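Student: Please find one structure pasted underneath; my questions will follow.
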Amino acid sequence: VSPERTLHILGMAGSLRSGSYNRALLDAARMIAPAGMELSVFDLAPIPLYNYDIEQQGIPDSVRALKVAIRDADALLIATPEYNWSIPGVLKNAIDWASRPPDNPFAGKPVAVIGASTGSFGTVRAQLHLRQILMALGAIPMGQPTLYVARAREKFDANGRLQDDEIREHLHRVLVALREWTLRLQGRI
Ligand SMILES: Cc1cc2nc3c(=O)[nH]c(=O)nc-3n(C[C@H](O)[C@H](O)[C@H](O)COP(=O)(O)O)c2cc1C
């Protein structure tokens with residue numbers, strides 16, 4: 001098998017606000033993706049709150065689209081904020097919906113976790129929680145390198161552009177490692 005085929009990475013940000021630093025981090029990742037990797041971002045805004053009753057009536061189109069996008073992606077890149085030391089409900093809700101039987105698209109999926117917060121720990125605690133959730137889903141989170149963007153207000157400009165070269169380099173290292181992690185898990189290297 002050839003490692004040459006372009007890998008499709010699905011990005012998800014656990015924030016819906018227009019000026020989201022986590023969304024901005026995914027945009028930065030899209031721009032600096034290494035050769036052999038392309039990134040698209042899935043908007044979680046249309047995903048309704050999980051309700052078994054709704055599920056019984058038929059999976060909503062937005063959830064079906066999310067499940068297909070995850071299934072079709074070679075790997076995921078999740079950028080999570082930290083809310084009260086954990087991941088935001090928006091992200092947990094989307095994950096819960098997508099994980100529902102009969103097809104859990106997270107199973108065996110390579111995942112890189114990154115995150116930005118305005119606090120000084122840069123989503124360390126949220127990322128640990130997210131990794132725990134990913135284990136429940138049978139996803140295969142990459143252990144290293146990690147990226148914790150602390151004090152995000154100082155790292156992005158008013159237009160959401162990443163202003164910090166050190167973080168950009170770090171992000172690039174995460175993407176290169178995710179490519180290798182994915183190819184390895186796919187048995188291509
Ligand atoms: C409900 C709530 C709880 C928060 N809790 C934390 C926290 O525990 N740690 C932290 O670093 N930032 C916390 N923050 C601040 C977020 O880091 C900040 O809002 C960040 O910009 C969210 O990411 P976003 O820019 O992608 O929306 C919290 C924000 C909200 C709204």
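Identifiers in this document derive from the order of the structure tokens: chains are assigned A, B, ..., residues are numbered from 1 separately in each chain, and ligands are numbered from 1 in order of occurrence.
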What residues in range 57-123 of chain A get the DSSP label alpha helix (DSSP H)? Please answer as a PyMOL selection string.

Tutor: chain A and resi 57+61-72+89-98

Student: Please find the residues contacting ligand 1 at a distance of at most 10 Å between atoms, with only C-alpha atoms and all ligand atoms counted, and report them as JSON, numbers by chain.

Tutor: {"A": [13, 14, 15, 16, 17, 18, 19, 20, 21, 22, 23, 24, 25, 79, 80, 81, 82, 83, 84, 85, 86, 87, 88, 89, 115, 116, 117, 118, 119, 120, 121, 122, 123, 124, 125, 126, 149, 150, 151, 152, 153, 160]}

Student: Restricting the calculation to only C-alpha atoms: of A:Asn51, A:Gln144, A:Ser40, A:Asn93, which residue gets closest to Ala69 in chain A?

Tutor: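 Closest to Ala69 in chain A, using only C-alpha atoms: A:Ser40.
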
Student: Could you pull out the strand (DSSP E) residues of range 78-117 of chain A, going by DSSP on the backbone, and write them as number ranges by chain?

Tutor: A: 78-79, 110-116

Student: Could you save those same residues with N, CA and C atoms as a PDB file, in the first residue's frame?

Tutor:
```pdb
ATOM      1  N   ILE A  78      -9.501  17.320  16.589  1.00  0.00           N
ATOM      2  CA  ILE A  78     -10.508  17.982  17.423  1.00  0.00           C
ATOM      3  C   ILE A  78      -9.845  19.095  18.227  1.00  0.00           C
ATOM      4  N   ALA A  79     -10.376  20.306  18.068  1.00  0.00           N
ATOM      5  CA  ALA A  79      -9.876  21.455  18.831  1.00  0.00           C
ATOM      6  C   ALA A  79     -10.925  21.796  19.887  1.00  0.00           C
ATOM      7  N   PRO A 110      -8.073   7.231  13.938  1.00  0.00           N
ATOM      8  CA  PRO A 110      -6.986   8.023  14.524  1.00  0.00           C
ATOM      9  C   PRO A 110      -7.478   9.440  14.832  1.00  0.00           C
ATOM     10  N   VAL A 111      -7.095   9.969  15.981  1.00  0.00           N
ATOM     11  CA  VAL A 111      -7.554  11.301  16.387  1.00  0.00           C
ATOM     12  C   VAL A 111      -6.400  12.081  17.013  1.00  0.00           C
ATOM     13  N   ALA A 112      -6.281  13.340  16.610  1.00  0.00           N
ATOM     14  CA  ALA A 112      -5.380  14.250  17.328  1.00  0.00           C
ATOM     15  C   ALA A 112      -6.248  15.264  18.066  1.00  0.00           C
ATOM     16  N   VAL A 113      -5.873  15.524  19.308  1.00  0.00           N
ATOM     17  CA  VAL A 113      -6.602  16.463  20.159  1.00  0.00           C
ATOM     18  C   VAL A 113      -5.728  17.695  20.395  1.00  0.00           C
ATOM     19  N   ILE A 114      -6.298  18.861  20.134  1.00  0.00           N
ATOM     20  CA  ILE A 114      -5.616  20.115  20.431  1.00  0.00           C
ATOM     21  C   ILE A 114      -6.634  21.037  21.107  1.00  0.00           C
ATOM     22  N   GLY A 115      -6.204  22.191  21.581  1.00  0.00           N
ATOM     23  CA  GLY A 115      -7.189  23.081  22.180  1.00  0.00           C
ATOM     24  C   GLY A 115      -6.599  24.416  22.583  1.00  0.00           C
ATOM     25  N   ALA A 116      -7.484  25.409  22.627  1.00  0.00           N
ATOM     26  CA  ALA A 116      -7.099  26.762  23.033  1.00  0.00           C
ATOM     27  C   ALA A 116      -8.079  27.271  24.071  1.00  0.00           C
TER      28      ALA A 116
END
```

Student: Taking 2 positions as the minimum chain separation for residues in the same chain, which residues sit within 9 Å of Asp74 in chain A when counting only C-alpha atoms? Answer as a list in words.

Tutor: Leu7, His8, Ile9, Leu10, Ile70, Arg71, Asp72, Leu76, Lys109, Pro110, Thr182, Leu183 and Gln186 of chain A

Student: Excluding Ala136 in chain A and residues on its chain fewer than 4 positions from it, collect all residues at most 12 Å away from it, counting only C-alpha atoms, and give them as a list in words.

Tutor: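 Everything that qualifies: Ile95, Asp96, Ser99, Asn104, Phe106, Ala107, Gly108, His129, Leu130, Arg131, Gln132, Ile140 and Pro141 of chain A.
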
Student: Next, the residues of the selection above should be written as a compact mmCIF listing (two decimals), in the first residue's frame with N, CA, C and O atoms.

Tutor:
```
# COMPACT_ATOMS: atom_id res chain seq x y z
N ILE A 95 -20.50 14.36 19.84
CA ILE A 95 -19.84 13.05 19.93
C ILE A 95 -20.88 11.98 20.32
O ILE A 95 -20.91 10.89 19.75
N ASP A 96 -21.73 12.31 21.28
CA ASP A 96 -22.74 11.34 21.73
C ASP A 96 -23.66 10.94 20.57
O ASP A 96 -23.91 9.75 20.35
N SER A 99 -21.89 8.76 17.98
CA SER A 99 -21.44 7.44 18.47
C SER A 99 -22.56 6.40 18.47
O SER A 99 -22.31 5.22 18.71
N ASN A 104 -20.85 3.14 14.83
CA ASN A 104 -20.02 4.09 15.57
C ASN A 104 -18.80 4.42 14.72
O ASN A 104 -17.86 3.64 14.65
N PHE A 106 -16.40 6.34 15.11
CA PHE A 106 -15.15 6.62 15.82
C PHE A 106 -14.28 5.37 15.98
O PHE A 106 -13.08 5.47 16.23
N ALA A 107 -14.90 4.20 15.87
CA ALA A 107 -14.16 2.96 16.14
C ALA A 107 -12.93 2.85 15.23
O ALA A 107 -13.05 2.90 14.01
N GLY A 108 -11.77 2.73 15.85
CA GLY A 108 -10.53 2.56 15.12
C GLY A 108 -10.01 3.82 14.45
O GLY A 108 -9.02 3.78 13.71
N HIS A 129 -10.03 14.86 29.53
CA HIS A 129 -11.39 14.32 29.51
C HIS A 129 -11.75 13.83 28.12
O HIS A 129 -12.38 12.78 27.97
N LEU A 130 -11.36 14.60 27.11
CA LEU A 130 -11.70 14.22 25.73
C LEU A 130 -11.03 12.89 25.36
O LEU A 130 -11.63 12.02 24.73
N ARG A 131 -9.80 12.73 25.80
CA ARG A 131 -9.10 11.47 25.52
C ARG A 131 -9.83 10.29 26.17
O ARG A 131 -9.94 9.21 25.59
N GLN A 132 -10.32 10.52 27.37
CA GLN A 132 -11.06 9.46 28.07
C GLN A 132 -12.32 9.08 27.29
O GLN A 132 -12.65 7.91 27.13
N ILE A 140 -8.64 6.04 18.39
CA ILE A 140 -7.24 5.82 18.75
C ILE A 140 -6.51 7.16 18.81
O ILE A 140 -5.91 7.61 17.83
N PRO A 141 -6.62 7.84 19.98
CA PRO A 141 -6.01 9.15 20.10
C PRO A 141 -4.48 9.08 20.08
O PRO A 141 -3.89 8.18 20.68
```

Student: Report as a PyMOL selection string all protein, DNA and RNA residues lying within 12 Å of Pro101 in chain A, evaluated on only C-alpha atoms, omitting residues in the same chain fewer than 4 positions from it.

Tutor: chain A and resi 52+55-56+59+64+67+96-97+105-107+137

Student: Would you save the residues of that selection, restricted to N, CA and C atoms, as a PDB file, in the first residue's frame?

Tutor:
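The resulting file, out-v5.pdb, is shown below:
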```pdb
ATOM      1  N   TYR A  52     -33.261  10.704  22.942  1.00  0.00           N
ATOM      2  CA  TYR A  52     -33.586   9.360  22.448  1.00  0.00           C
ATOM      3  C   TYR A  52     -34.888   9.357  21.652  1.00  0.00           C
ATOM      4  N   GLU A  55     -34.186  10.430  18.232  1.00  0.00           N
ATOM      5  CA  GLU A  55     -33.466   9.348  17.565  1.00  0.00           C
ATOM      6  C   GLU A  55     -34.441   8.280  17.065  1.00  0.00           C
ATOM      7  N   GLN A  56     -35.438   7.966  17.896  1.00  0.00           N
ATOM      8  CA  GLN A  56     -36.430   6.957  17.527  1.00  0.00           C
ATOM      9  C   GLN A  56     -37.231   7.367  16.301  1.00  0.00           C
ATOM     10  N   ILE A  59     -32.778   9.527  12.605  1.00  0.00           N
ATOM     11  CA  ILE A  59     -31.601  10.348  12.887  1.00  0.00           C
ATOM     12  C   ILE A  59     -31.668  11.653  12.090  1.00  0.00           C
ATOM     13  N   ARG A  64     -26.635  12.649  10.651  1.00  0.00           N
ATOM     14  CA  ARG A  64     -26.244  11.677   9.614  1.00  0.00           C
ATOM     15  C   ARG A  64     -25.019  12.201   8.858  1.00  0.00           C
ATOM     16  N   LYS A  67     -21.943  11.772  10.963  1.00  0.00           N
ATOM     17  CA  LYS A  67     -21.495  10.370  11.013  1.00  0.00           C
ATOM     18  C   LYS A  67     -20.768   9.979   9.723  1.00  0.00           C
ATOM     19  N   ASP A  96     -21.731  12.310  21.278  1.00  0.00           N
ATOM     20  CA  ASP A  96     -22.740  11.341  21.725  1.00  0.00           C
ATOM     21  C   ASP A  96     -23.661  10.942  20.571  1.00  0.00           C
ATOM     22  N   TRP A  97     -24.133  11.921  19.828  1.00  0.00           N
ATOM     23  CA  TRP A  97     -24.991  11.618  18.680  1.00  0.00           C
ATOM     24  C   TRP A  97     -24.265  10.712  17.682  1.00  0.00           C
ATOM     25  N   PRO A 105     -18.814   5.593  14.059  1.00  0.00           N
ATOM     26  CA  PRO A 105     -17.740   5.900  13.110  1.00  0.00           C
ATOM     27  C   PRO A 105     -16.402   6.207  13.788  1.00  0.00           C
ATOM     28  N   PHE A 106     -16.402   6.340  15.108  1.00  0.00           N
ATOM     29  CA  PHE A 106     -15.149   6.618  15.824  1.00  0.00           C
ATOM     30  C   PHE A 106     -14.284   5.366  15.979  1.00  0.00           C
ATOM     31  N   ALA A 107     -14.896   4.202  15.866  1.00  0.00           N
ATOM     32  CA  ALA A 107     -14.159   2.963  16.144  1.00  0.00           C
ATOM     33  C   ALA A 107     -12.930   2.847  15.234  1.00  0.00           C
ATOM     34  N   LEU A 137     -15.082   5.263  22.902  1.00  0.00           N
ATOM     35  CA  LEU A 137     -15.606   5.133  21.545  1.00  0.00           C
ATOM     36  C   LEU A 137     -14.779   4.174  20.692  1.00  0.00           C
TER      37      LEU A 137
END
```

Student: Which neighbours of Leu171 in chain A fall inside 12 Å, counting only C-alpha atoms, when residues of the same chain fewer than 2 positions from it are skipped, and could you give them as an MDAnalysis selection string?

Tutor: chainID A and resid 25:34 77 79 112:116 144:149 162 164:169 173:178

Student: Between A:Arg188, A:Arg179, A:Lys155, A:Lys92, which residue has the minimum interatomic distance to Leu44 in chain A, considering only C-alpha atoms?

Tutor: A:Lys92
